[in-house]
Structures are given as C-alpha cells and as structure tokens.
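First up is the structure itself, then whatever we jot down about it.
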Amino acid sequence: MDSNRVLKDTPLRQVHEALGGRMVPFAGWNMPVQYSSILDEARAVRSGAGMFDVSHMGRLEIRGPDAASLLNRVLSANVSKLRIGRARYCLICNERGGIIDDAIVYRLGDQRYMLVPNASNAEAVTAWLYRWRESTDHADIHALTEETAMIALQGPAAQMFLSGLTSCDLPSLRLFRVVEADAAGAPAIIARTGYTGEDGFELILPADAAASVWEALARAGAEPCGLGSRDVLRLEAGLPLHGNDIDTGTNPFEAGLDRFVDIDREEYAAREALIRIRDSGPARRLVGLEMVGRGIARQGHAILSGGETVGIVTSGSYSPTLDRAIAMGYVREGCSDPGTSLYVDIRGRRVEAEVALLPFYAERQVPILAPIG
Amino acid sequence: MSSPSDRRYIKDHDWVQVEDDGAATFGITDYAQDSLGDVVFVELPEPGSQVSQSESFGEIESVKAVSELVAPLSGTVTERNEAVLDAPELVNDSPYADGWLLKVELADPAELDNLMSAEEYDSFLASGS
C-alpha cells in the first residue's frame, strides 16, 4: 500500500469526527479505530448492538446473462446454486490456490450479484474478475463502492433496533439472506450477515443517505463502534482476516476454509491447483491459541514446541468476552490438535499457550459462516 | 487538562513522584494512557530489581499497541502495583493514583534535575509530542 496516496473518506467521515472517533489510515481509507474504548465497544456488540462504518469495503455489482458463469470462474462458491435473496461466504483464489481475498457474494436477482471484498483487496479482486471475463461475456462489473455506503449493525439487539426503521420483515430475513428494502426512508440492501460472531445486519445504502441512517440507528440504541473492536470481535469468532491469517501465500486447506470451496466445477480457475493441494494434504494448519501464561501473542511471533519453532502467530489480542489473551496462527501438522501445549515467543519471553477449538466465542450453536451445500 | 504539579515527567510520558524520604512512585501520564487506549497487559520488575534512568523497566500493552515503560529515575524496586497486574484497566481509570506502577528507592536524587515539571510537560505535549 502506497502510504503517500491521499486517503479516501467514507460518506460518514464528518459523523465520525463529530462523535470524537479516532481516525486512522486503513487500506487507503480514513477510518475510525475507536470512539470511546475498543473493549467497551466490543462489549456493546456482545450485549446490545453496535454499528460499524464498513463503507471502505468493496461493493461490486456483477450483472448480465453471463454474470454467474464469470463468478463461477473466480469464486470458490458455485453461485448457480445460490438462490435469489441468499448470500454466501467465499474465497477468491489465484491459479496457484493462494487466497487473493475472502468475500461475501449476494444474489440480488436472476442475473444480478453483489460481491463485497475487503477494502485492501478490492482492486485486486476487480482485476481478477476482468482477467477472467471473456470478450464474449455479457457480464458487466460496476464498482459501487464510491456511490454507496455500508453500515454493519451487529449484536443481539440488532433486529430490535432495526425493526423500527424498516418495513422489511426482519424475523423472516434469516442468516445469510438478503433483501432490497427501505431503511430510515432510504432504499437499502439489507443482509443478515456480519463479521463479529453476533446476529446482525449489513446495510448497503446510497452515499447521501448514510448519515441519516447512522443517526436513526444511534437513536434506536446502536453504539458507534470502530475497526479496533471489529478486529477483536472477529478474532473471538474465529473469523480470519485477509492480510493477517490468510493471503496469497496461504491456501484454503491449511486455513481450514476448504468447506467453502466447491472444487467440482470445470470452469473454476483455481480448480487444478486446489486439487493438487488437497491431494498432497496441508503441511500446516491455522489454529486458535489460548494463552495460558501472561502475555499477548501478536502477529509475527514464533510458536514453539520444545526448543523448536513450529509455527507463527497471524493475529492476537486480548479477548474481553473470554477475559484472556487469544490468537490464531499456523502450526505444523502434528501440533494442531486442540489441547496441544505450545509456547509463543513474545519479544524474547516464552509464554505457554494451548491450541483451542475455533471459534473462541459462538453466539449460537450453528456455524457462523453458513457452509456450502 | 493540565498535569498534576506534585510530580515530574519525562518525554516518554512517564511520571515520578518523590517523597521527602527518597521513596519514588512511577506511573504513566494521562496522555500516555489515552494514546494507548484500553490497557490489557502490564509487565513489571520484581521488588529488588534495579531500574536505570531513561531505560526500559517493563512493558505496557493495549488492545492495539505495545510500549516500553521508561524509568524516569534510577533505583531499586521496593514494590510493584500488584493490583495493576491483575486489573490493567486501572492505568486507564486512574493513571495518577490507583494506576501507579512501581515504588522505587532512588539511587541518585541529582537525576531529578533531568526531569520536566508539570508545566514543562504540558508545553511539551502542546508542542506536538
């Protein structure tokens, strides 16, 4: 990322500043990392509802008679099987099976999809879509990132807070469903998706309606939350962050994301590479770690077993929900069973850790990410 | 907000309060705790350890960042704040009182001359530290 590039503002920039949000550069955008306290904001999402400006994330609308076949070349999910009004978590892998990005794809109509990649990868994903679009394809790719805003409303009270602002029947909008409806008087795409491990919604709105929807949600009781708490919450929920836990140097099998890969499709660009990786078996696995000793494992710290380095930490934080330090990282095959005792080298200190079952936190007894099928 | 005038400061945003008998208390400033955000981990030396002026005596870690704790003065640790080890948020809630970090028996009171007064520290902050 070119740090000299001028930072982009979301349509909510002035709202964040009026709220005293602490603004930081993130993936080329000026974003609030926190308003009051990262831990208080994380607790607000677990106990009530918080709202996040996620307008920095990419929004690509793909439409046309060949939209599905284009997406099927690029995405790990078979979008032809995705019914209208459904959403799915998926990966975008390159020809070597490395993960360019993870994203959610929403089917909005017969020939109309919305793809939401990470902010830092929106350009790479767009380029990859064009790379696989054939000249004969009738599939248009519209970047809606600048003309729309996106707000994530997350927490057990999310449905209650949103229900007064929309005519949409929210109880019937189940997990990983999407609908076009109104929100605080604005036309919106409302999806029951998120990145916190809680129930909640993501709203795509016209840019000029973002501030009024944000304020209406605040009046309903939603707590403004920054990217700092979002990162803590997603780690508690065991959700990988691209750039930390997954990247082009990792593949879906070692990351434990192979259940989101429908490999039996001739047209899938990453198919051959992923079959090779699957058949040779992963040499390492992404695992959860709970710290037993005092200290917080951070990205880049070595994971040790005996005197030997067996892995590397990719994300780590203090978890307010568990009141202990947690982390994710890759460990060599053989060290990945839950309960395995390992050590993390925290700036020269060997601190005991234990392999934990992911997710660290689950709001309900169903998978946070709806599996393929 | 001005910093308490009953103690002295260093550019690394630590404070020291010295009693008449040469016993000193270390902590971090309100500016430091606010910049760090929620403190979730503090590592402090055991009583009996030596600390040296301008050198690291421990670590303080927030959700987002890790910082070295820098000793404002040299001396021998007589006590560390066990309450802060168990409840690091005390540093956020009360940086100048309950969130103190170390008690130290000073080695050289002349070192005090190297430190900033509250007024000097506040101007240092205002100048864009």
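Ordering of the structure tokens sets the chain letters (A, B, ...); residue numbers start at 1 within each chain; ligands are numbered from 1 in the order shown.
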request  = With a distance threshold of 12 Å and counting only C-alpha atoms, extract the residues of chain B near chain A and express them as a ChimeraX atom specification.
outcome  = /B:33-44,58-68,85-89,92-93
Polymer residues at most 8 Å from Arg96 in chain A, only C-alpha atoms, same-chain spacing of 3 or more positions, as a compact mmCIF listing (two decimals) with N, CA, C and O atoms, in the first residue's frame:
# COMPACT_ATOMS: atom_id res chain seq x y z
N CYS A 93 -9.40 -17.32 -5.16
CA CYS A 93 -8.06 -17.92 -5.17
C CYS A 93 -7.40 -17.71 -6.53
O CYS A 93 -8.07 -17.68 -7.56
N ALA A 270 -9.16 -21.81 -10.16
CA ALA A 270 -8.18 -22.33 -9.20
C ALA A 270 -8.31 -23.84 -9.01
O ALA A 270 -7.61 -24.43 -8.17
N ALA A 273 -5.06 -26.27 -9.21
CA ALA A 273 -4.13 -26.00 -8.11
C ALA A 273 -4.71 -26.50 -6.79
O ALA A 273 -4.00 -27.13 -5.99
N LEU A 274 -6.00 -26.26 -6.58
CA LEU A 274 -6.60 -26.66 -5.30
C LEU A 274 -6.71 -28.18 -5.19
O LEU A 274 -6.57 -28.73 -4.10
Which residues of range 29-95 of chain B come within 9 Å of range 1-18 of chain B, and for each one, what is the closest pair of atoms and their distance in Å to one decimal, counting only C-alpha atoms, sorted by chain and residue number, as a Markdown table?
| residue | atom | partner | partner_atom | distance |
| --- | --- | --- | --- | --- |
| B:Thr29 | CA | B:His13 | CA | 5.5 |
| B:Asp30 | CA | B:Ser3 | CA | 7.9 |
| B:Tyr31 | CA | B:His13 | CA | 7.2 |
| B:Ala32 | CA | B:His13 | CA | 5.7 |
| B:Ser54 | CA | B:Ile10 | CA | 8.6 |
| B:Glu68 | CA | B:Asp12 | CA | 8.9 |
| B:Leu69 | CA | B:Asp14 | CA | 7.5 |
| B:Val70 | CA | B:Asp12 | CA | 6.6 |
| B:Ala71 | CA | B:Asp14 | CA | 7.4 |
| B:Pro72 | CA | B:Ile10 | CA | 6.2 |
| B:Leu73 | CA | B:Val16 | CA | 7.9 |
Export of the given selection (C-alpha atoms) as a PDB file, in the first residue's frame:
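Now in part31.pdb:
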ATOM      1  CA  THR B  29       0.599  10.026  32.243  1.00  0.00           C
ATOM      2  CA  ASP B  30      -2.998  10.602  31.272  1.00  0.00           C
ATOM      3  CA  TYR B  31      -1.800  11.431  27.757  1.00  0.00           C
ATOM      4  CA  ALA B  32       0.004   8.075  27.589  1.00  0.00           C
ATOM      5  CA  SER B  54      15.868   6.510  30.620  1.00  0.00           C
ATOM      6  CA  GLU B  68       8.146   0.160  26.682  1.00  0.00           C
ATOM      7  CA  LEU B  69       7.896   1.643  30.151  1.00  0.00           C
ATOM      8  CA  VAL B  70      10.810   4.033  30.629  1.00  0.00           C
ATOM      9  CA  ALA B  71      12.229   4.738  34.083  1.00  0.00           C
ATOM     10  CA  PRO B  72      12.288   8.436  34.972  1.00  0.00           C
ATOM     11  CA  LEU B  73      14.956   7.785  37.644  1.00  0.00           C
TER      12      LEU B  73
END
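Note that the spacing between CA of Cys335 in chain A and CA of Phe260 in chain A amounts to 23.8 Å.
Close contacts of range 41-44 of chain A, defined as residues with an atom at most 7 Å away when counting only C-alpha atoms, with chain neighbours fewer than 4 positions off set aside, comprise Ser37, Gly48, Ala49, Gly50, Glu223, Cys225, Ser229 and Leu233 of chain A.
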Write a file of the selected residues as an mmCIF file, in the first residue's frame, keeping N, CA and C atoms.
data_model
loop_
_atom_site.group_PDB
_atom_site.id
_atom_site.type_symbol
_atom_site.label_atom_id
_atom_site.label_comp_id
_atom_site.auth_asym_id
_atom_site.auth_seq_id
_atom_site.Cartn_x
_atom_site.Cartn_y
_atom_site.Cartn_z
ATOM 1 N N SER A 37 -13.736 3.369 23.732
ATOM 2 C CA SER A 37 -12.800 2.344 24.173
ATOM 3 C C SER A 37 -13.070 1.097 23.345
ATOM 4 N N GLY A 48 -25.580 -5.715 23.440
ATOM 5 C CA GLY A 48 -26.692 -4.948 22.874
ATOM 6 C C GLY A 48 -26.558 -4.934 21.369
ATOM 7 N N ALA A 49 -26.150 -3.804 20.812
ATOM 8 C CA ALA A 49 -25.803 -3.764 19.397
ATOM 9 C C ALA A 49 -24.883 -2.587 19.127
ATOM 10 N N GLY A 50 -23.942 -2.836 18.249
ATOM 11 C CA GLY A 50 -23.029 -1.787 17.813
ATOM 12 C C GLY A 50 -23.153 -1.616 16.317
ATOM 13 N N GLU A 223 -24.655 1.406 19.369
ATOM 14 C CA GLU A 223 -23.434 2.069 19.841
ATOM 15 C C GLU A 223 -22.450 2.200 18.674
ATOM 16 N N CYS A 225 -19.168 1.906 16.808
ATOM 17 C CA CYS A 225 -18.000 1.064 17.081
ATOM 18 C C CYS A 225 -16.987 1.232 15.952
ATOM 19 N N SER A 229 -12.574 -2.579 17.681
ATOM 20 C CA SER A 229 -13.441 -3.593 18.291
ATOM 21 C C SER A 229 -13.866 -4.640 17.250
ATOM 22 N N LEU A 233 -13.611 -8.613 17.861
ATOM 23 C CA LEU A 233 -14.818 -9.450 17.770
ATOM 24 C C LEU A 233 -14.650 -10.561 16.733
#
ask   = Taking the backbone alone, and naming residues the way the document does, which bits of chain B are strand (DSSP E) by DSSP, as number ranges by chain?
value = B: 8-9, 14-18, 23-28, 39-43, 50-51, 56-62, 66-70, 75-80, 102-106
ask   = What residues in range 32-78 of chain A get the DSSP label helix (DSSP H, G or I)? Please answer as number ranges by chain.
value = A: 38-47, 67-74
message = For Glu147 in chain A, find every residue with an atom within 10 Å (counting only C-alpha atoms), except residues of its own chain fewer than 4 positions away, and show them as JSON, numbers by chain.
response = {"A": [10, 11, 55, 59, 143, 205, 206, 207, 208]}
request  = Identify, on the basis of only C-alpha atoms, every residue whose closest approach to Val331 in chain A does not exceed 6 Å; exclude the query and any residue fewer than 3 positions from it along the same chain; express the result as number ranges by chain.
outcome  = A: 284-285, 310-311
Could the residues in this selection be saved with N, CA, C and O atoms as a PDB file, in the first residue's frame?
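Writing the result to again-v8.pdb gives the following:
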ATOM      1  N   ARG A 284       0.647 -27.537   7.220  1.00  0.00           N
ATOM      2  CA  ARG A 284       0.414 -26.736   8.427  1.00  0.00           C
ATOM      3  C   ARG A 284      -1.063 -26.382   8.487  1.00  0.00           C
ATOM      4  O   ARG A 284      -1.778 -26.517   7.493  1.00  0.00           O
ATOM      5  N   ARG A 285      -1.488 -25.969   9.677  1.00  0.00           N
ATOM      6  CA  ARG A 285      -2.903 -25.645   9.851  1.00  0.00           C
ATOM      7  C   ARG A 285      -3.067 -24.365  10.660  1.00  0.00           C
ATOM      8  O   ARG A 285      -2.291 -24.107  11.587  1.00  0.00           O
ATOM      9  N   VAL A 310       7.618 -24.158  15.509  1.00  0.00           N
ATOM     10  CA  VAL A 310       6.665 -24.993  14.763  1.00  0.00           C
ATOM     11  C   VAL A 310       5.581 -24.168  14.082  1.00  0.00           C
ATOM     12  O   VAL A 310       4.691 -24.715  13.437  1.00  0.00           O
ATOM     13  N   GLY A 311       5.660 -22.841  14.220  1.00  0.00           N
ATOM     14  CA  GLY A 311       4.620 -22.043  13.585  1.00  0.00           C
ATOM     15  C   GLY A 311       4.779 -20.568  13.837  1.00  0.00           C
ATOM     16  O   GLY A 311       5.780 -20.124  14.418  1.00  0.00           O
TER      17      GLY A 311
END
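With distances restricted to only C-alpha atoms, A:Ala149 is the closest residue to Val213 in chain A from A:Ala149, A:Leu358, A:Leu129, A:Val178.
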Quick one: residues within 10 Å of Arg265 in chain A, only C-alpha atoms counted, chain neighbours fewer than 3 positions away excluded, as a PDB file with C-alpha atoms, in the first residue's frame?
ATOM      1  CA  ASN A  72     -18.101 -19.300 -11.113  1.00  0.00           C
ATOM      2  CA  ARG A  73     -14.667 -18.985 -12.710  1.00  0.00           C
ATOM      3  CA  SER A  76     -14.855 -20.719  -4.576  1.00  0.00           C
ATOM      4  CA  ALA A  77     -18.654 -20.982  -4.341  1.00  0.00           C
ATOM      5  CA  ASN A  78     -20.963 -22.205  -7.060  1.00  0.00           C
ATOM      6  CA  ASP A 262     -16.746 -26.169  -4.362  1.00  0.00           C
ATOM      7  CA  TYR A 268     -13.224 -22.789 -11.728  1.00  0.00           C
ATOM      8  CA  ALA A 269      -9.888 -21.047 -12.360  1.00  0.00           C
ATOM      9  CA  ALA A 270      -8.181 -22.332  -9.202  1.00  0.00           C
ATOM     10  CA  ARG A 271      -9.515 -25.868  -9.568  1.00  0.00           C
TER      11      ARG A 271
END
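Non-sequential neighbours of range 234-240 of chain A (distance at most 7 Å, separation of 5 or more positions within a chain, only C-alpha atoms) are Tyr195, Thr196, Gly197, Asp245, Ile246, Ser319, Leu358, Pro359, Phe360, Tyr361 and Ala362 of chain A.
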How about saving the chosen residues, all heavy atoms kept, as a PDB file, in the first residue's frame?
ATOM      1  N   TYR A 195     -19.475  -9.811  10.699  1.00  0.00           N
ATOM      2  CA  TYR A 195     -18.078 -10.228  10.895  1.00  0.00           C
ATOM      3  C   TYR A 195     -17.708 -10.133  12.373  1.00  0.00           C
ATOM      4  O   TYR A 195     -16.605  -9.762  12.726  1.00  0.00           O
ATOM      5  CB  TYR A 195     -17.195  -9.296  10.049  1.00  0.00           C
ATOM      6  CG  TYR A 195     -15.749  -9.674   9.880  1.00  0.00           C
ATOM      7  CD1 TYR A 195     -15.356 -10.941   9.460  1.00  0.00           C
ATOM      8  CD2 TYR A 195     -14.748  -8.727  10.111  1.00  0.00           C
ATOM      9  CE1 TYR A 195     -14.031 -11.251   9.281  1.00  0.00           C
ATOM     10  CE2 TYR A 195     -13.412  -9.029   9.935  1.00  0.00           C
ATOM     11  CZ  TYR A 195     -13.060 -10.289   9.513  1.00  0.00           C
ATOM     12  OH  TYR A 195     -11.727 -10.588   9.331  1.00  0.00           O
ATOM     13  N   THR A 196     -18.709 -10.448  13.225  1.00  0.00           N
ATOM     14  CA  THR A 196     -18.473 -10.282  14.662  1.00  0.00           C
ATOM     15  C   THR A 196     -18.818 -11.530  15.453  1.00  0.00           C
ATOM     16  O   THR A 196     -18.543 -11.591  16.645  1.00  0.00           O
ATOM     17  CB  THR A 196     -19.340  -9.137  15.227  1.00  0.00           C
ATOM     18  OG1 THR A 196     -20.730  -9.467  15.000  1.00  0.00           O
ATOM     19  CG2 THR A 196     -19.014  -7.807  14.564  1.00  0.00           C
ATOM     20  N   GLY A 197     -19.458 -12.522  14.801  1.00  0.00           N
ATOM     21  CA  GLY A 197     -19.921 -13.680  15.547  1.00  0.00           C
ATOM     22  C   GLY A 197     -21.254 -13.449  16.226  1.00  0.00           C
ATOM     23  O   GLY A 197     -21.733 -14.320  16.952  1.00  0.00           O
ATOM     24  N   ASP A 245      -4.344 -13.575   8.580  1.00  0.00           N
ATOM     25  CA  ASP A 245      -4.474 -15.032   8.737  1.00  0.00           C
ATOM     26  C   ASP A 245      -4.495 -15.762   7.407  1.00  0.00           C
ATOM     27  O   ASP A 245      -4.217 -16.962   7.355  1.00  0.00           O
ATOM     28  CB  ASP A 245      -5.761 -15.339   9.514  1.00  0.00           C
ATOM     29  CG  ASP A 245      -5.881 -14.473  10.750  1.00  0.00           C
ATOM     30  OD1 ASP A 245      -4.977 -14.561  11.601  1.00  0.00           O
ATOM     31  OD2 ASP A 245      -6.824 -13.680  10.846  1.00  0.00           O
ATOM     32  N   ILE A 246      -4.902 -15.069   6.372  1.00  0.00           N
ATOM     33  CA  ILE A 246      -4.906 -15.651   5.031  1.00  0.00           C
ATOM     34  C   ILE A 246      -4.356 -14.612   4.065  1.00  0.00           C
ATOM     35  O   ILE A 246      -4.497 -13.405   4.291  1.00  0.00           O
ATOM     36  CB  ILE A 246      -6.328 -16.104   4.588  1.00  0.00           C
ATOM     37  CG1 ILE A 246      -7.350 -14.978   4.781  1.00  0.00           C
ATOM     38  CG2 ILE A 246      -6.764 -17.352   5.341  1.00  0.00           C
ATOM     39  CD1 ILE A 246      -8.751 -15.319   4.278  1.00  0.00           C
ATOM     40  N   SER A 319      -9.022 -10.840  24.652  1.00  0.00           N
ATOM     41  CA  SER A 319     -10.448 -11.041  24.418  1.00  0.00           C
ATOM     42  C   SER A 319     -11.245 -10.579  25.626  1.00  0.00           C
ATOM     43  O   SER A 319     -11.153 -11.187  26.695  1.00  0.00           O
ATOM     44  CB  SER A 319     -10.733 -12.525  24.174  1.00  0.00           C
ATOM     45  OG  SER A 319     -12.103 -12.791  24.411  1.00  0.00           O
ATOM     46  N   LEU A 358     -11.720 -23.556  17.442  1.00  0.00           N
ATOM     47  CA  LEU A 358     -12.320 -22.328  16.917  1.00  0.00           C
ATOM     48  C   LEU A 358     -13.796 -22.568  16.641  1.00  0.00           C
ATOM     49  O   LEU A 358     -14.163 -23.653  16.220  1.00  0.00           O
ATOM     50  CB  LEU A 358     -11.606 -21.894  15.625  1.00  0.00           C
ATOM     51  CG  LEU A 358     -10.173 -21.397  15.790  1.00  0.00           C
ATOM     52  CD1 LEU A 358      -9.538 -21.143  14.435  1.00  0.00           C
ATOM     53  CD2 LEU A 358     -10.142 -20.136  16.641  1.00  0.00           C
ATOM     54  N   PRO A 359     -14.666 -21.595  16.791  1.00  0.00           N
ATOM     55  CA  PRO A 359     -14.369 -20.250  17.284  1.00  0.00           C
ATOM     56  C   PRO A 359     -14.163 -20.205  18.795  1.00  0.00           C
ATOM     57  O   PRO A 359     -14.616 -21.092  19.515  1.00  0.00           O
ATOM     58  CB  PRO A 359     -15.631 -19.474  16.894  1.00  0.00           C
ATOM     59  CG  PRO A 359     -16.726 -20.494  16.944  1.00  0.00           C
ATOM     60  CD  PRO A 359     -16.101 -21.781  16.499  1.00  0.00           C
ATOM     61  N   PHE A 360     -13.483 -19.179  19.262  1.00  0.00           N
ATOM     62  CA  PHE A 360     -13.330 -18.979  20.703  1.00  0.00           C
ATOM     63  C   PHE A 360     -14.686 -18.642  21.312  1.00  0.00           C
ATOM     64  O   PHE A 360     -14.973 -18.973  22.449  1.00  0.00           O
ATOM     65  CB  PHE A 360     -12.383 -17.805  20.977  1.00  0.00           C
ATOM     66  CG  PHE A 360     -10.999 -18.014  20.465  1.00  0.00           C
ATOM     67  CD1 PHE A 360     -10.561 -17.397  19.306  1.00  0.00           C
ATOM     68  CD2 PHE A 360     -10.115 -18.841  21.149  1.00  0.00           C
ATOM     69  CE1 PHE A 360      -9.279 -17.573  18.838  1.00  0.00           C
ATOM     70  CE2 PHE A 360      -8.825 -19.028  20.692  1.00  0.00           C
ATOM     71  CZ  PHE A 360      -8.408 -18.397  19.531  1.00  0.00           C
ATOM     72  N   TYR A 361     -15.490 -17.930  20.527  1.00  0.00           N
ATOM     73  CA  TYR A 361     -16.791 -17.472  21.006  1.00  0.00           C
ATOM     74  C   TYR A 361     -17.837 -17.759  19.938  1.00  0.00           C
ATOM     75  O   TYR A 361     -17.630 -17.455  18.764  1.00  0.00           O
ATOM     76  CB  TYR A 361     -16.765 -15.952  21.260  1.00  0.00           C
ATOM     77  CG  TYR A 361     -18.142 -15.369  21.481  1.00  0.00           C
ATOM     78  CD1 TYR A 361     -18.728 -15.366  22.735  1.00  0.00           C
ATOM     79  CD2 TYR A 361     -18.871 -14.857  20.416  1.00  0.00           C
ATOM     80  CE1 TYR A 361     -20.007 -14.866  22.924  1.00  0.00           C
ATOM     81  CE2 TYR A 361     -20.152 -14.350  20.593  1.00  0.00           C
ATOM     82  CZ  TYR A 361     -20.713 -14.367  21.854  1.00  0.00           C
ATOM     83  OH  TYR A 361     -21.971 -13.871  22.042  1.00  0.00           O
ATOM     84  N   ALA A 362     -18.955 -18.367  20.325  1.00  0.00           N
ATOM     85  CA  ALA A 362     -20.052 -18.589  19.378  1.00  0.00           C
ATOM     86  C   ALA A 362     -21.347 -18.162  20.039  1.00  0.00           C
ATOM     87  O   ALA A 362     -21.670 -18.595  21.143  1.00  0.00           O
ATOM     88  CB  ALA A 362     -20.124 -20.049  18.974  1.00  0.00           C
TER      89      ALA A 362
END
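The spacing separating CA of Pro252 in chain A from CA of Gly200 in chain A amounts to 26.0 Å.
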